[in-house]
$ cat work23.tsv   # TSV, N, CA and C atoms
chain	number	residue	atom	x	y	z
A	1326	MET	N	85.07	67.15	101.27
A	1326	MET	CA	86.15	67.99	101.76
A	1326	MET	C	86.91	67.24	102.85
A	1327	SER	N	88.20	67.34	102.82
A	1327	SER	CA	89.05	66.72	103.82
A	1327	SER	C	88.76	67.29	105.20
A	1328	SER	N	88.82	66.43	106.23
A	1328	SER	CA	88.57	66.91	107.59
A	1328	SER	C	89.64	67.91	108.03
A	1329	LYS	N	90.89	67.71	107.60
A	1329	LYS	CA	91.96	68.66	107.94
A	1329	LYS	C	91.69	70.02	107.32
A	1330	LEU	N	91.29	70.02	106.03
A	1330	LEU	CA	90.98	71.28	105.36
A	1330	LEU	C	89.80	71.97	106.03
A	1331	LYS	N	88.81	71.20	106.42
A	1331	LYS	CA	87.63	71.77	107.08
A	1331	LYS	C	88.01	72.49	108.38
A	1332	VAL	N	88.87	71.87	109.17
A	1332	VAL	CA	89.32	72.47	110.44
A	1332	VAL	C	90.09	73.76	110.17
A	1333	ILE	N	91.01	73.73	109.19
A	1333	ILE	CA	91.81	74.91	108.86
A	1333	ILE	C	90.91	76.04	108.36
A	1334	LEU	N	89.98	75.72	107.45
A	1334	LEU	CA	89.12	76.76	106.87
A	1334	LEU	C	88.18	77.37	107.90
A	1335	GLN	N	87.71	76.59	108.86
A	1335	GLN	CA	86.87	77.15	109.92
A	1335	GLN	C	87.61	78.25	110.67
A	1336	GLU	N	88.88	78.01	110.96
A	1336	GLU	CA	89.69	79.01	111.66
A	1336	GLU	C	89.99	80.21	110.76
A	1337	VAL	N	90.35	79.94	109.51
A	1337	VAL	CA	90.66	81.02	108.56
A	1337	VAL	C	89.46	81.95	108.41
A	1338	ILE	N	88.28	81.37	108.25
A	1338	ILE	CA	87.06	82.17	108.06
A	1338	ILE	C	86.70	82.94	109.32
A	1339	SER	N	86.97	82.37	110.49
A	1339	SER	CA	86.67	83.09	111.73
A	1339	SER	C	87.57	84.30	111.91
A	1340	VAL	N	88.81	84.24	111.39
A	1340	VAL	CA	89.72	85.38	111.47
A	1340	VAL	C	89.28	86.48	110.50
A	1341	GLN	N	88.78	86.11	109.36
A	1341	GLN	CA	88.22	86.97	108.31
A	1341	GLN	C	89.25	87.78	107.54
A	1342	ALA	N	90.09	88.55	108.15
A	1342	ALA	CA	91.02	89.42	107.43
A	1342	ALA	C	92.30	88.65	107.08
A	1343	GLY	N	92.89	89.02	105.94
A	1343	GLY	CA	94.13	88.38	105.54
A	1343	GLY	C	94.88	89.21	104.51
A	1344	LEU	N	96.03	88.71	104.11
A	1344	LEU	CA	96.87	89.35	103.12
A	1344	LEU	C	96.98	88.41	101.93
A	1345	LEU	N	96.55	88.87	100.76
A	1345	LEU	CA	96.62	88.10	99.53
A	1345	LEU	C	97.86	88.54	98.77
A	1346	ARG	N	98.76	87.59	98.49
A	1346	ARG	CA	100.03	87.91	97.84
A	1346	ARG	C	100.13	87.18	96.51
A	1347	PHE	N	100.64	87.89	95.49
A	1347	PHE	CA	100.85	87.30	94.17
A	1347	PHE	C	101.83	88.17	93.41
A	1348	HIS	N	102.34	87.64	92.30
A	1348	HIS	CA	103.27	88.39	91.45
A	1348	HIS	C	102.53	88.93	90.25
A	1349	HIS	N	102.83	90.18	89.91
A	1349	HIS	CA	102.28	90.83	88.73
A	1349	HIS	C	103.40	91.64	88.09
A	1350	ARG	N	103.72	91.30	86.85
A	1350	ARG	CA	104.82	91.97	86.13
A	1350	ARG	C	106.11	91.97	86.94
A	1351	GLU	N	106.44	90.79	87.45
A	1351	GLU	CA	107.67	90.55	88.20
A	1351	GLU	C	107.78	91.34	89.50
A	1352	LYS	N	106.67	91.87	89.99
A	1352	LYS	CA	106.65	92.56	91.28
A	1352	LYS	C	105.65	91.86	92.19
A	1353	GLN	N	106.01	91.75	93.45
A	1353	GLN	CA	105.09	91.14	94.41
A	1353	GLN	C	104.02	92.15	94.80
A	1354	GLN	N	102.78	91.72	94.76
A	1354	GLN	CA	101.64	92.56	95.14
A	1354	GLN	C	101.05	92.01	96.43
A	1355	ASN	N	100.64	92.88	97.33
A	1355	ASN	CA	100.00	92.51	98.59
A	1355	ASN	C	98.68	93.26	98.69
A	1356	LEU	N	97.60	92.53	98.87
A	1356	LEU	CA	96.28	93.14	98.99
A	1356	LEU	C	95.61	92.68	100.27
A	1357	GLN	N	95.00	93.62	100.99
A	1357	GLN	CA	94.21	93.27	102.16
A	1357	GLN	C	92.87	92.74	101.69
A	1358	VAL	N	92.45	91.62	102.27
A	1358	VAL	CA	91.19	90.99	101.86
A	1358	VAL	C	90.39	90.54	103.08
A	1359	ARG	N	89.10	90.34	102.85
A	1359	ARG	CA	88.22	89.67	103.81
A	1359	ARG	C	87.92	88.31	103.22
A	1360	VAL	N	87.87	87.28	104.06
A	1360	VAL	CA	87.75	85.91	103.60
A	1360	VAL	C	86.37	85.36	103.94
A	1361	ALA	N	85.79	84.61	102.98
A	1361	ALA	CA	84.51	83.94	103.18
A	1361	ALA	C	84.60	82.54	102.59
A	1362	PHE	N	83.77	81.63	103.10
A	1362	PHE	CA	83.75	80.26	102.61
A	1362	PHE	C	83.21	80.22	101.19
A	1363	GLY	N	83.83	79.42	100.33
A	1363	GLY	CA	83.42	79.37	98.94
A	1363	GLY	C	82.91	78.01	98.50
A	1364	GLY	N	82.97	76.99	99.33
A	1364	GLY	CA	82.56	75.65	98.94
A	1364	GLY	C	83.74	74.70	99.03
A	1365	ASP	N	83.61	73.52	98.42
A	1365	ASP	CA	84.67	72.52	98.46
A	1365	ASP	C	85.97	73.06	97.89
A	1366	ASP	N	87.01	73.03	98.69
A	1366	ASP	CA	88.36	73.43	98.28
A	1366	ASP	C	88.46	74.85	97.72
A	1367	THR	N	87.54	75.74	98.07
A	1367	THR	CA	87.62	77.12	97.59
A	1367	THR	C	87.32	78.11	98.70
A	1368	LEU	N	87.87	79.30	98.55
A	1368	LEU	CA	87.59	80.44	99.41
A	1368	LEU	C	87.22	81.62	98.53
A	1369	HIS	N	86.46	82.54	99.06
A	1369	HIS	CA	86.21	83.80	98.38
A	1369	HIS	C	86.95	84.88	99.15
A	1370	CYS	N	87.63	85.75	98.44
A	1370	CYS	CA	88.33	86.88	99.05
A	1370	CYS	C	87.73	88.16	98.49
A	1371	ILE	N	87.33	89.05	99.38
A	1371	ILE	CA	86.80	90.35	99.00
A	1371	ILE	C	87.93	91.34	99.15
A	1372	ILE	N	88.33	91.94	98.05
A	1372	ILE	CA	89.48	92.85	98.04
A	1372	ILE	C	89.03	94.22	98.51
A	1373	LYS	N	89.74	94.74	99.51
A	1373	LYS	CA	89.45	96.08	100.03
A	1373	LYS	C	90.11	97.10	99.11
A	1374	GLY	N	89.36	98.07	98.67
A	1374	GLY	CA	89.92	99.11	97.80
A	1374	GLY	C	90.04	98.63	96.36
A	1375	GLU	N	90.75	99.41	95.58
A	1375	GLU	CA	90.92	99.14	94.15
A	1375	GLU	C	92.22	98.41	93.88
A	1376	LEU	N	92.22	97.63	92.82
A	1376	LEU	CA	93.46	97.02	92.37
A	1376	LEU	C	94.29	98.07	91.65
A	1377	PRO	N	95.60	98.05	91.82
A	1377	PRO	CA	96.45	99.01	91.12
A	1377	PRO	C	96.33	98.86	89.61
A	1378	HIS	N	96.15	99.95	88.90
A	1378	HIS	CA	96.14	100.00	87.44
A	1378	HIS	C	95.14	99.01	86.81
A	1379	ASN	N	94.02	98.77	87.47
A	1379	ASN	CA	92.99	97.84	86.96
A	1379	ASN	C	93.58	96.50	86.50
A	1380	MET	N	94.53	95.97	87.25
A	1380	MET	CA	95.19	94.73	86.84
A	1380	MET	C	94.20	93.55	86.89
A	1381	LYS	N	94.41	92.60	86.00
A	1381	LYS	CA	93.64	91.37	85.97
A	1381	LYS	C	94.43	90.31	86.72
A	1382	ILE	N	93.77	89.61	87.63
A	1382	ILE	CA	94.50	88.63	88.44
A	1382	ILE	C	93.98	87.21	88.25
A	1383	GLY	N	93.05	87.01	87.34
A	1383	GLY	CA	92.50	85.68	87.10
A	1383	GLY	C	93.58	84.68	86.71
A	1384	GLY	N	93.54	83.49	87.31
A	1384	GLY	CA	94.47	82.42	86.99
A	1384	GLY	C	95.82	82.50	87.68
A	1385	LYS	N	96.09	83.56	88.42
A	1385	LYS	CA	97.40	83.72	89.06
A	1385	LYS	C	97.53	82.80	90.27
A	1386	LYS	N	98.77	82.39	90.55
A	1386	LYS	CA	99.07	81.67	91.78
A	1386	LYS	C	99.08	82.69	92.91
A	1387	ILE	N	98.51	82.31	94.04
A	1387	ILE	CA	98.43	83.24	95.17
A	1387	ILE	C	98.84	82.55	96.47
A	1388	HIS	N	99.07	83.40	97.47
A	1388	HIS	CA	99.25	82.95	98.85
A	1388	HIS	C	98.38	83.84	99.71
A	1389	LEU	N	97.61	83.23	100.59
A	1389	LEU	CA	96.81	83.96	101.56
A	1389	LEU	C	97.45	83.73	102.91
A	1390	ILE	N	97.76	84.82	103.60
A	1390	ILE	CA	98.45	84.74	104.89
A	1390	ILE	C	97.59	85.42	105.95
A	1391	GLN	N	97.46	84.75	107.10
A	1391	GLN	CA	96.72	85.33	108.23
A	1391	GLN	C	97.50	85.08	109.51
A	1392	LYS	N	97.33	86.00	110.44
A	1392	LYS	CA	97.89	85.83	111.79
A	1392	LYS	C	96.81	86.24	112.77
A	1393	HIS	N	96.61	85.40	113.78
A	1393	HIS	CA	95.65	85.71	114.84
A	1393	HIS	C	96.23	85.18	116.14
A	1394	ASN	N	96.58	86.09	117.06
A	1394	ASN	CA	97.26	85.72	118.30
A	1394	ASN	C	98.50	84.91	117.96
A	1395	ASP	N	98.61	83.67	118.42
A	1395	ASP	CA	99.78	82.84	118.12
A	1395	ASP	C	99.51	81.85	116.98
A	1396	ASN	N	98.42	82.05	116.24
A	1396	ASN	CA	98.07	81.17	115.12
A	1396	ASN	C	98.46	81.84	113.81
A	1397	TYR	N	99.07	81.06	112.93
A	1397	TYR	CA	99.46	81.53	111.61
A	1397	TYR	C	98.85	80.59	110.58
A	1398	PHE	N	98.23	81.17	109.55
A	1398	PHE	CA	97.59	80.39	108.50
A	1398	PHE	C	98.22	80.76	107.16
A	1399	PHE	N	98.54	79.75	106.37
A	1399	PHE	CA	99.16	79.95	105.07
A	1399	PHE	C	98.44	79.08	104.06
A	1400	ILE	N	97.86	79.71	103.04
A	1400	ILE	CA	97.13	78.97	102.02
A	1400	ILE	C	97.73	79.29	100.66
A	1401	SER	N	98.06	78.24	99.90
A	1401	SER	CA	98.54	78.38	98.52
A	1401	SER	C	97.42	77.96	97.60
A	1402	GLY	N	97.32	78.63	96.47
A	1402	GLY	CA	96.29	78.26	95.51
A	1402	GLY	C	96.38	79.10	94.27
A	1403	TYR	N	95.27	79.21	93.58
A	1403	TYR	CA	95.21	79.98	92.34
A	1403	TYR	C	93.83	80.61	92.25
A	1404	ILE	N	93.75	81.68	91.52
A	1404	ILE	CA	92.48	82.39	91.38
A	1404	ILE	C	91.67	81.72	90.29
A	1405	LEU	N	90.50	81.22	90.68
A	1405	LEU	CA	89.61	80.55	89.73
A	1405	LEU	C	88.88	81.55	88.85
A	1406	ARG	N	88.34	82.61	89.48
A	1406	ARG	CA	87.59	83.61	88.72
A	1406	ARG	C	87.48	84.90	89.53
A	1407	GLU	N	87.24	85.99	88.81
A	1407	GLU	CA	87.03	87.32	89.40
A	1407	GLU	C	85.58	87.72	89.18
A	1408	VAL	N	85.04	88.44	90.14
A	1408	VAL	CA	83.71	89.01	90.00
A	1408	VAL	C	83.82	90.49	90.29
A	1409	GLN	N	83.42	91.34	89.38
A	1409	GLN	CA	83.46	92.79	89.60
A	1409	GLN	C	82.06	93.28	89.93
A	1410	GLN	N	81.89	93.70	91.17
A	1410	GLN	CA	80.62	94.29	91.60
A	1410	GLN	C	80.97	95.56	92.33
A	1411	SER	N	80.26	95.85	93.41
A	1411	SER	CA	80.61	97.03	94.19
A	1411	SER	C	81.99	96.86	94.83
A	1412	SER	N	82.36	95.63	95.15
A	1412	SER	CA	83.72	95.33	95.58
A	1412	SER	C	84.18	94.13	94.77
A	1413	ARG	N	85.46	93.99	94.59
A	1413	ARG	CA	85.98	92.89	93.78
A	1413	ARG	C	86.10	91.62	94.63
A	1414	VAL	N	85.53	90.55	94.14
A	1414	VAL	CA	85.56	89.25	94.82
A	1414	VAL	C	86.29	88.27	93.92
A	1415	VAL	N	87.22	87.51	94.49
A	1415	VAL	CA	87.92	86.48	93.75
A	1415	VAL	C	87.70	85.13	94.43
A	1416	SER	N	87.51	84.10	93.63
A	1416	SER	CA	87.39	82.73	94.15
A	1416	SER	C	88.75	82.07	94.02
A	1417	ILE	N	89.17	81.42	95.10
A	1417	ILE	CA	90.50	80.82	95.15
A	1417	ILE	C	90.38	79.31	95.28
A	1418	GLY	N	91.02	78.58	94.36
A	1418	GLY	CA	91.13	77.13	94.47
A	1418	GLY	C	92.31	76.82	95.36
A	1419	ILE	N	92.10	76.01	96.38
A	1419	ILE	CA	93.15	75.74	97.38
A	1419	ILE	C	93.99	74.55	96.96
A	1420	SER	N	95.31	74.76	96.89
A	1420	SER	CA	96.26	73.69	96.61
A	1420	SER	C	96.83	73.13	97.91
A	1421	LYS	N	97.14	74.04	98.83
A	1421	LYS	CA	97.74	73.63	100.10
A	1421	LYS	C	97.32	74.61	101.18
A	1422	ALA	N	97.02	74.10	102.37
A	1422	ALA	CA	96.65	74.94	103.50
A	1422	ALA	C	97.38	74.43	104.74
A	1423	SER	N	97.93	75.36	105.51
A	1423	SER	CA	98.67	74.99	106.72
A	1423	SER	C	98.28	75.90	107.87
A	1424	TRP	N	98.30	75.33	109.07
A	1424	TRP	CA	98.02	76.06	110.30
A	1424	TRP	C	99.21	75.82	111.22
A	1425	PHE	N	99.86	76.90	111.62
A	1425	PHE	CA	101.01	76.83	112.52
A	1425	PHE	C	100.69	77.56	113.81
A	1426	ILE	N	101.32	77.11	114.90
A	1426	ILE	CA	101.16	77.76	116.20
A	1426	ILE	C	102.54	78.17	116.70
A	1427	MET	N	102.62	79.43	117.18
A	1427	MET	CA	103.88	79.94	117.73
A	1427	MET	C	104.11	79.31	119.10
A	1428	LYS	N	105.27	78.71	119.28
A	1428	LYS	CA	105.67	78.12	120.56
A	1428	LYS	C	106.87	78.90	121.08
A	1429	ARG	N	106.96	79.00	122.39
A	1429	ARG	CA	108.07	79.74	123.02
A	1429	ARG	C	108.62	78.95	124.20
A	1430	ARG	N	109.93	79.06	124.36
A	1430	ARG	CA	110.58	78.53	125.54
A	1430	ARG	C	111.71	79.50	125.86
A	1431	GLY	N	111.53	80.28	126.91
A	1431	GLY	CA	112.50	81.31	127.23
A	1431	GLY	C	112.52	82.37	126.14
A	1432	SER	N	113.70	82.65	125.62
A	1432	SER	CA	113.82	83.66	124.57
A	1432	SER	C	113.77	83.05	123.16
A	1433	VAL	N	113.55	81.75	123.08
A	1433	VAL	CA	113.50	81.06	121.78
A	1433	VAL	C	112.05	80.83	121.39
A	1434	SER	N	111.73	81.13	120.13
A	1434	SER	CA	110.37	80.87	119.64
A	1434	SER	C	110.45	80.17	118.28
A	1435	TRP	N	109.42	79.40	117.96
A	1435	TRP	CA	109.36	78.66	116.70
A	1435	TRP	C	107.90	78.40	116.34
A	1436	LEU	N	107.69	78.01	115.09
A	1436	LEU	CA	106.35	77.65	114.63
A	1436	LEU	C	106.23	76.13	114.60
A	1437	ARG	N	105.14	75.63	115.19
A	1437	ARG	CA	104.84	74.20	115.17
A	1437	ARG	C	103.63	73.98	114.28
A	1438	GLU	N	103.74	73.03	113.38
A	1438	GLU	CA	102.64	72.73	112.47
A	1438	GLU	C	101.52	72.02	113.23
A	1439	LYS	N	100.30	72.54	113.13
A	1439	LYS	CA	99.16	71.92	113.79
A	1439	LYS	C	98.37	71.07	112.79
A	1440	HIS	N	98.06	71.63	111.61
A	1440	HIS	CA	97.35	70.89	110.56
A	1440	HIS	C	97.91	71.30	109.20
A	1441	THR	N	97.95	70.35	108.28
A	1441	THR	CA	98.32	70.64	106.89
A	1441	THR	C	97.43	69.83	105.97
A	1442	TYR	N	97.01	70.49	104.90
A	1442	TYR	CA	96.20	69.84	103.86
A	1442	TYR	C	96.88	70.11	102.53
A	1443	GLU	N	96.99	69.07	101.70
A	1443	GLU	CA	97.50	69.26	100.35
A	1443	GLU	C	96.57	68.56	99.38
A	1444	ASN	N	96.12	69.29	98.38
A	1444	ASN	CA	95.20	68.79	97.38
A	1444	ASN	C	95.96	67.81	96.49
A	1445	GLU	N	95.54	66.54	96.48
A	1445	GLU	CA	96.21	65.52	95.68
A	1445	GLU	C	96.14	65.85	94.18
A	1446	MET	N	95.03	66.43	93.72
A	1446	MET	CA	94.91	66.80	92.30
A	1446	MET	C	95.93	67.88	91.96
A	1447	GLY	N	96.16	68.80	92.89
A	1447	GLY	CA	97.14	69.86	92.68
A	1447	GLY	C	98.54	69.31	92.54
A	1448	LYS	N	98.88	68.27	93.34
A	1448	LYS	CA	100.20	67.67	93.26
A	1448	LYS	C	100.40	66.97	91.91
A	1449	MET	N	99.36	66.30	91.42
A	1449	MET	CA	99.47	65.59	90.15
A	1449	MET	C	99.59	66.57	88.98
A	1450	ALA	N	98.91	67.72	89.07
A	1450	ALA	CA	98.94	68.70	87.99
A	1450	ALA	C	100.34	69.31	87.85
A	1451	VAL	N	101.05	69.46	88.98
A	1451	VAL	CA	102.39	70.05	88.97
A	1451	VAL	C	103.41	69.05	88.43
A	1452	ALA	N	103.21	67.76	88.72
A	1452	ALA	CA	104.19	66.72	88.33
A	1452	ALA	C	104.29	66.55	86.83

$ encode --input "work23.tsv" --output "structure tokens"
Amino acid sequence: MSSKLKVILQEVISVQAGLLRFHHREKQQNLQVRVAFGGDDTLHCIIKGELPHNMKIGGKKIHLIQKHNDNYFFISGYILREVQQSSRVVSIGISKASWFIMKRRGSVSWLREKHTYENEMGKMAVA
């Protein structure tokens, strides 16, 4: 695992809660999730509540978004597999992960990139 990805994932996992976003039937879906470590280049997301209309989300491109104080985390990837148990758990393959920090000077604020990881295999698959 890349050292940059390791640093980003440690922070993401410590925050735990996040918003999982994806498109389903041309509509954007937002689900509240809890995040857990899944191994090399993967995360597990535990979906709170039920999915609308028992939708299947396997293989979809996703974005996981988190905010904690002035830290913002953005992870792009795809759903590797779904597990249906007492709560729905999805494994996410990470394509890109970024950590931004909110900076302020007077009334102006902006996001500064602290760490970014991009999966080289993911870049080649898209090309």

$ closest_residue --input "work23.tsv" --among "A:His1388, A:Gly1374, A:His1369, A:Val1332" --to "Gln1357 of chain A" --atoms "only N, CA and C atoms"
A:Gly1374

$ residues_around --input "work23.tsv" --residues "Leu1345 of chain A" --least-positions-apart "5" --cutoff "7 Å" --atoms "only N, CA and C atoms" --output "short mmCIF file (atom, residue, chain, number, x, y, z; two decimals) with N, CA and C atoms, keeping the file's coordinate frame"
data_model
loop_
_atom_site.label_atom_id
_atom_site.label_comp_id
_atom_site.auth_asym_id
_atom_site.auth_seq_id
_atom_site.Cartn_x
_atom_site.Cartn_y
_atom_site.Cartn_z
N GLN A 1354 102.78 91.72 94.76
CA GLN A 1354 101.64 92.56 95.14
C GLN A 1354 101.05 92.01 96.43
N ASN A 1355 100.64 92.88 97.33
CA ASN A 1355 100.00 92.51 98.59
C ASN A 1355 98.68 93.26 98.69
N LEU A 1356 97.60 92.53 98.87
CA LEU A 1356 96.28 93.14 98.99
C LEU A 1356 95.61 92.68 100.27
N GLN A 1357 95.00 93.62 100.99
CA GLN A 1357 94.21 93.27 102.16
C GLN A 1357 92.87 92.74 101.69
N VAL A 1358 92.45 91.62 102.27
CA VAL A 1358 91.19 90.99 101.86
C VAL A 1358 90.39 90.54 103.08
N ILE A 1387 98.51 82.31 94.04
CA ILE A 1387 98.43 83.24 95.17
C ILE A 1387 98.84 82.55 96.47
N HIS A 1388 99.07 83.40 97.47
CA HIS A 1388 99.25 82.95 98.85
C HIS A 1388 98.38 83.84 99.71
N LEU A 1389 97.61 83.23 100.59
CA LEU A 1389 96.81 83.96 101.56
C LEU A 1389 97.45 83.73 102.91
N ILE A 1390 97.76 84.82 103.60
CA ILE A 1390 98.45 84.74 104.89
C ILE A 1390 97.59 85.42 105.95
#

$ closest_residue --input "work23.tsv" --among "A:Lys1329, A:Lys1392, A:Lys1386, A:Lys1381" --to "Ala1342 of chain A" --atoms "only C-alpha atoms"
A:Lys1392

$ residues_around --input "work23.tsv" --residues "Gln1391 of chain A" --least-positions-apart "3" --cutoff "7 Å" --atoms "all atoms listed in the file" --output "PDB file with N, CA and C atoms, in the frame of the given file"
ATOM      1  N   ALA A1342      90.090  88.550 108.150  1.00  0.00           N
ATOM      2  CA  ALA A1342      91.020  89.420 107.430  1.00  0.00           C
ATOM      3  C   ALA A1342      92.300  88.650 107.080  1.00  0.00           C
ATOM      4  N   GLY A1343      92.890  89.020 105.940  1.00  0.00           N
ATOM      5  CA  GLY A1343      94.130  88.380 105.540  1.00  0.00           C
ATOM      6  C   GLY A1343      94.880  89.210 104.510  1.00  0.00           C
ATOM      7  N   LEU A1344      96.030  88.710 104.110  1.00  0.00           N
ATOM      8  CA  LEU A1344      96.870  89.350 103.120  1.00  0.00           C
ATOM      9  C   LEU A1344      96.980  88.410 101.930  1.00  0.00           C
ATOM     10  N   ASN A1396      98.420  82.050 116.240  1.00  0.00           N
ATOM     11  CA  ASN A1396      98.070  81.170 115.120  1.00  0.00           C
ATOM     12  C   ASN A1396      98.460  81.840 113.810  1.00  0.00           C
ATOM     13  N   TYR A1397      99.070  81.060 112.930  1.00  0.00           N
ATOM     14  CA  TYR A1397      99.460  81.530 111.610  1.00  0.00           C
ATOM     15  C   TYR A1397      98.850  80.590 110.580  1.00  0.00           C
ATOM     16  N   PHE A1398      98.230  81.170 109.550  1.00  0.00           N
ATOM     17  CA  PHE A1398      97.590  80.390 108.500  1.00  0.00           C
ATOM     18  C   PHE A1398      98.220  80.760 107.160  1.00  0.00           C
ATOM     19  N   PHE A1399      98.540  79.750 106.370  1.00  0.00           N
ATOM     20  CA  PHE A1399      99.160  79.950 105.070  1.00  0.00           C
ATOM     21  C   PHE A1399      98.440  79.080 104.060  1.00  0.00           C
ATOM     22  N   ILE A1400      97.860  79.710 103.040  1.00  0.00           N
ATOM     23  CA  ILE A1400      97.130  78.970 102.020  1.00  0.00           C
ATOM     24  C   ILE A1400      97.730  79.290 100.660  1.00  0.00           C
TER      25      ILE A1400
END

$ select_by_dssp --input "work23.tsv" --residues "chain A" --states "strand (DSSP E)" --output "VMD selection string"
chain A and resid 1342 to 1349 1352 to 1364 1367 to 1372 1386 to 1393 1396 to 1409 1413 to 1430 1433 to 1443

$ residues_near_point --input "work23.tsv" --point "(87.8, 86.6, 89.1)" --cutoff "10 Å" --atoms "only C-alpha atoms" --output "list in words"
His1369, Cys1370, Lys1381, Ile1382, Gly1383, Gly1384, Ile1404, Leu1405, Arg1406, Glu1407, Val1408, Gln1409, Arg1413, Val1414, Val1415, Ser1416 and Ile1417 of chain A

$ residues_around --input "work23.tsv" --residues "Ile1333 of chain A" --least-positions-apart "2" --cutoff "8 Å" --atoms "only N, CA and C atoms" --output "mmCIF file with N, CA and C atoms, in the frame of the given file"
data_model
loop_
_atom_site.group_PDB
_atom_site.id
_atom_site.type_symbol
_atom_site.label_atom_id
_atom_site.label_comp_id
_atom_site.auth_asym_id
_atom_site.auth_seq_id
_atom_site.Cartn_x
_atom_site.Cartn_y
_atom_site.Cartn_z
ATOM 1 N N SER A 1327 88.200 67.340 102.820
ATOM 2 C CA SER A 1327 89.050 66.720 103.820
ATOM 3 C C SER A 1327 88.760 67.290 105.200
ATOM 4 N N SER A 1328 88.820 66.430 106.230
ATOM 5 C CA SER A 1328 88.570 66.910 107.590
ATOM 6 C C SER A 1328 89.640 67.910 108.030
ATOM 7 N N LYS A 1329 90.890 67.710 107.600
ATOM 8 C CA LYS A 1329 91.960 68.660 107.940
ATOM 9 C C LYS A 1329 91.690 70.020 107.320
ATOM 10 N N LEU A 1330 91.290 70.020 106.030
ATOM 11 C CA LEU A 1330 90.980 71.280 105.360
ATOM 12 C C LEU A 1330 89.800 71.970 106.030
ATOM 13 N N LYS A 1331 88.810 71.200 106.420
ATOM 14 C CA LYS A 1331 87.630 71.770 107.080
ATOM 15 C C LYS A 1331 88.010 72.490 108.380
ATOM 16 N N GLN A 1335 87.710 76.590 108.860
ATOM 17 C CA GLN A 1335 86.870 77.150 109.920
ATOM 18 C C GLN A 1335 87.610 78.250 110.670
ATOM 19 N N GLU A 1336 88.880 78.010 110.960
ATOM 20 C CA GLU A 1336 89.690 79.010 111.660
ATOM 21 C C GLU A 1336 89.990 80.210 110.760
ATOM 22 N N VAL A 1337 90.350 79.940 109.510
ATOM 23 C CA VAL A 1337 90.660 81.020 108.560
ATOM 24 C C VAL A 1337 89.460 81.950 108.410
ATOM 25 N N ILE A 1338 88.280 81.370 108.250
ATOM 26 C CA ILE A 1338 87.060 82.170 108.060
ATOM 27 C C ILE A 1338 86.700 82.940 109.320
ATOM 28 N N SER A 1339 86.970 82.370 110.490
ATOM 29 C CA SER A 1339 86.670 83.090 111.730
ATOM 30 C C SER A 1339 87.570 84.300 111.910
ATOM 31 N N PHE A 1398 98.230 81.170 109.550
ATOM 32 C CA PHE A 1398 97.590 80.390 108.500
ATOM 33 C C PHE A 1398 98.220 80.760 107.160
ATOM 34 N N ALA A 1422 97.020 74.100 102.370
ATOM 35 C CA ALA A 1422 96.650 74.940 103.500
ATOM 36 C C ALA A 1422 97.380 74.430 104.740
ATOM 37 N N SER A 1423 97.930 75.360 105.510
ATOM 38 C CA SER A 1423 98.670 74.990 106.720
ATOM 39 C C SER A 1423 98.280 75.900 107.870
ATOM 40 N N TRP A 1424 98.300 75.330 109.070
ATOM 41 C CA TRP A 1424 98.020 76.060 110.300
ATOM 42 C C TRP A 1424 99.210 75.820 111.220
ATOM 43 N N HIS A 1440 98.060 71.630 111.610
ATOM 44 C CA HIS A 1440 97.350 70.890 110.560
ATOM 45 C C HIS A 1440 97.910 71.300 109.200
ATOM 46 N N THR A 1441 97.950 70.350 108.280
ATOM 47 C CA THR A 1441 98.320 70.640 106.890
ATOM 48 C C THR A 1441 97.430 69.830 105.970
ATOM 49 N N TYR A 1442 97.010 70.490 104.900
ATOM 50 C CA TYR A 1442 96.200 69.840 103.860
ATOM 51 C C TYR A 1442 96.880 70.110 102.530
#

$ atom_distance --input "work23.tsv" --atom1 "atom C of Ala1361 of chain A" --atom2 "atom CA of Lys1428 of chain A"
28.0 Å

$ residues_near_point --input "work23.tsv" --point "(101.2, 87.4, 87.2)" --cutoff "7 Å" --atoms "only N, CA and C atoms" --output "ChimeraX atom specification"
/A:1347-1351,1382,1385-1386

$ atom_distance --input "work23.tsv" --atom1 "atom CA of Asn1444 of chain A" --atom2 "atom CA of Leu1334 of chain A"
13.8 Å
